[in-house]
Amino acid sequence: LFKSDLLGFFQVKNPVAAVYTVAASFMVVLKTAKLVEVFQYASPSFDAFMVATRLSRYARLACMSGVLITLKDAANRDRLKGNTFIQLNAVMSLAFGTMGAYLCTGGVKANGLLAWFFSIFMGGSSLHSWLSKRTSE
């Protein structure tokens, strides 16, 4: 079961699904970095507050990963025009926009620019789906 799920993650049927796959992979990198931070604070000089804040941030990244995998699957099935997916794209656009601003605090960085790209892409996808759904009704 795990092997088929992992292979399904990398199955891309169109360019839109490819962007969601890259975004989900970006989340894996951010989650790994956050776990490294957790272990750094949990080792010799244990700081409960810092561990808790890092775990909270990790949990948010994990939720975002789940949403991205859902959107990628919807893109593979050409179902992004559903109300749920329009709303998920809008929320992810806001989340990535906020993340981009945070990551670029103190100067523009590549991961911040990537987050902003995903924000613009998902906001555009949400708007496009909403407008095309509205004109077809």
# chains A, B, ... in the order shown; residues from 1 in each chain; ligands from 1
>>> residues_around(residues="stretch 47-54 of chain A", least_positions_apart="3", cutoff="10 Å", atoms="only C-alpha atoms", output="list in words")
Lys34, Leu35, Val36, Glu37, Val38, Phe39, Gln40, Tyr41, Ala42, Ser43, Pro44, Arg57, Tyr58, Ala59 and Arg60 of chain A
>>> residues_around(residues="A:Arg79", least_positions_apart="3", cutoff="12 Å", atoms="only C-alpha atoms", output="list of chain:residue names")
A:Val16, A:Ala17, A:Thr70, A:Leu71, A:Lys72, A:Asp73, A:Ala74, A:Ala75, A:Asn76, A:Gly82, A:Asn83, A:Thr84, A:Phe85, A:Ile86, A:Ser125, A:Ser126, A:Ser129, A:Lys133
>>> closest_residue(among="A:Val22, A:Ala115, A:Ala33, A:Leu55", to="A:Phe96", atoms="only C-alpha atoms")
A:Ala115
>>> select_by_dssp(residues="chain A", states="helix (DSSP H, G or I)", output="JSON, numbers by chain")
{"A": [2, 3, 4, 5, 6, 7, 8, 9, 15, 16, 17, 18, 19, 20, 21, 22, 23, 24, 25, 26, 27, 28, 29, 30, 31, 32, 33, 34, 35, 36, 37, 38, 39, 40, 41, 42, 48, 49, 50, 51, 52, 53, 54, 55, 56, 57, 58, 59, 60, 61, 62, 63, 64, 65, 66, 67, 68, 69, 70, 71, 72, 73, 74, 75, 76, 83, 84, 85, 86, 87, 88, 89, 90, 91, 92, 93, 94, 95, 96, 97, 98, 99, 100, 101, 102, 103, 110, 111, 112, 113, 114, 115, 116, 117, 118, 119, 120, 121, 122, 123, 124, 125, 126, 127, 128, 129, 130, 131, 132, 133, 134, 135, 136]}
>>> closest_residue(among="A:Pro15, A:Gly107, A:Gly66, A:Gly123", to="A:Ala95", atoms="only C-alpha atoms")
A:Gly123
>>> closest_residue(among="A:Met64, A:Ala24, A:Val108, A:Leu103", to="A:Val91", atoms="only C-alpha atoms")
A:Met64
>>> atom_distance(atom1="atom CA of A:Ser65", atom2="atom CA of A:Ala101")
19.1 Å
>>> atom_distance(atom1="atom CA of A:Ser119", atom2="atom CA of A:Leu94")
6.5 Å
